[in-house]
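Take a look at the structure set out below.
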Amino acid sequence: MDAPAASRPQTGEELELTIDRLAHGGNGVARHGGGYVVFVQGAIPGDRVRAVVTKRNRKYAEARTLEILEPGPDRIEPVAHHPGAAWQVMPYAVQLAHKQEHVEDALRRIGKLDGFEMEEIVPAVEQWGYRNKLEYSFGVDATAPGGLVCGFHAPGSWETIVDGESKLGSARANAAREQVLAWARAEGLTAYDRRSTLGFLRNLVIREGRRTGQLQVRLVTSPGELDSASLEAAVPCDSLVWTQVDGTGETTQGGFSELVAGRPAIEEELSGLTFSISAEAFFQTNTEMAEKLYAVAAEYAGLKGWERVYDLFCGIGTIGLVLSQRAGEVWGLEIIEQAIEDAIANARANEVSNAQFFAGDVRLALRELAEKAKKPDLVVVDPPRAGLSQKVVRRIVETAPKRIVYVSCNPTTLAPNAAQLVEAGYVLRRVRPVDMFPQTPHIECVALLEAGPGGVQNPARD
């Protein structure tokens, strides 16, 4: 039911609100004027805040905290000014409790699922300095040397960049940011203006092999001229890449990349295997916790050594190659061709002979894979945040695996996908959250679904 119009605040209006709980995504939830819901950025349960409304509709409003009038019982002092670490104002044990609750709430409330075992969350090995990949943005600040800064977007802003390092990354990665920024200021380079679309410097991507010590620095700019020699001299690293992007949207993907110095990829070690990571390849950003995440997936898979495994959305082959050590054969499918090239190279480098990888859209290529490889005993999926489309769910059901291991980075999309699979005849058995991203609201989890006693209802072919 929509709230009465009289209780709906106007955009720009300031409100005093008390936060009841945390929503999925991390914003505080408050009620205004007898029940109208307001999602408040920068607030946690128990806080009484002064907030400004940034967006509204008939059912809810969004607001940004301006002042903490009275802190809630769980609020603590932040370690650092870091827009990307919104949950650092809560003790780590409280963060874990909220994440566990969010996963279970999504499955029960959104998916309307029950009867599964909700297992204890796996805490992070490191609460700070855990990221192996950092993405910075360049911006303008008249008070900074040369007016140039390199940092993160201010909360709620698409154009304001807050200068500074990341406490979620290592000292070495942050030192590379300082080196690039000092070089850019000395060169007199300008930041890309997101409003006028003028300017040169866009983003800086730093990747680190936590186990190998290798470092990759990738500078993303608009098309133009660059003094590669001076950049190489200023930024010592194992891989130095320059990417030129022509377009108004802010993205570090695509464009034209060239190797300035060093090797085109860096290596990382995970679960006893070595992986080559090219500039735009997907790799879990917390190496230590990726190892624990994949260990949960392997536990749920319950492989005996003879099974045929499909690894869908396989990326550079991390999950599939980890499982290959216990499987009969592994077949990986991924739409990004460069990632498949990396997966094939990773299999070869690790002397894995029972894994094959193919480029293709899961939605279109899964039938062809099933005809080529025969039907799987186990399907592992690790989709993007949007989850699986209904058509992909139907394609998976068509292959009729005995088990499905779903690795999710978003419980609100896992829930409807799991519900669709349950409707087709699977049973949700176990779910275990894994905290890959301390100090943030993001949570990964692994779910195990098994074919029910009544079998799987094969959908009509379309």
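In the structure tokens, chains take letters A, B, ... by order of appearance, with residues numbered from 1 within each chain and ligands from 1 in the order shown.
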Fewer than 2 positions away in the same chain doesn't count, so skip those; otherwise give me all residues within 8 Å of Ile344 in chain A, counting only C-alpha atoms, as a PDB file with C-alpha atoms, in the first residue's frame.
```pdb
ATOM      1  CA  ILE A 316      39.749 -17.620 -16.173  1.00  0.00           C
ATOM      2  CA  GLY A 317      38.948 -21.108 -14.887  1.00  0.00           C
ATOM      3  CA  ILE A 340      38.753 -18.392 -22.003  1.00  0.00           C
ATOM      4  CA  GLU A 341      42.218 -17.919 -23.492  1.00  0.00           C
ATOM      5  CA  ASP A 342      43.471 -17.322 -19.947  1.00  0.00           C
ATOM      6  CA  ASN A 346      46.019 -21.718 -16.837  1.00  0.00           C
ATOM      7  CA  ALA A 347      45.039 -25.354 -17.392  1.00  0.00           C
ATOM      8  CA  ARG A 348      48.171 -25.902 -19.466  1.00  0.00           C
ATOM      9  CA  GLN A 356      38.327 -27.908 -21.316  1.00  0.00           C
ATOM     10  CA  PHE A 357      37.107 -24.336 -21.733  1.00  0.00           C
TER      11      PHE A 357
END
```
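For the pair CA of Glu268 in chain A and CA of Thr212 in chain A, the interatomic distance is 5.8 Å.
Rounded to one decimal, CA of Gly387 in chain A and CA of Phe313 in chain A lie 10.7 Å from each other.
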* Shell around Val49 in chain A at 7 Å using only C-alpha atoms, local window under 5 positions removed, as a ChimeraX atom specification -> /A:16-18,65,67-70
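Atom pair CA of Gly115 in chain A / CA of Ile443 in chain A has a distance of 21.8 Å (rounded to one decimal).
The shortest atom-to-atom distance to His24 in chain A, with only C-alpha atoms taken into account, belongs to A:Pro441 out of A:Pro441, A:Gly254, A:Gly247, A:Pro236.
Omitting Arg218 in chain A and its sequence neighbours fewer than 3 positions away, and counting only C-alpha atoms, the residues within 6 Å are Leu204, Val205, Leu240, Val241 and Trp242 of chain A.
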* Asked: Which neighbours of Thr274 in chain A fall inside 10 Å, counting only C-alpha atoms, when residues of the same chain fewer than 2 positions from it are skipped, and could you give them as a PyMOL selection string?
  -> chain A and resi 211-212+267-272+276-277+318+346-347+349-350
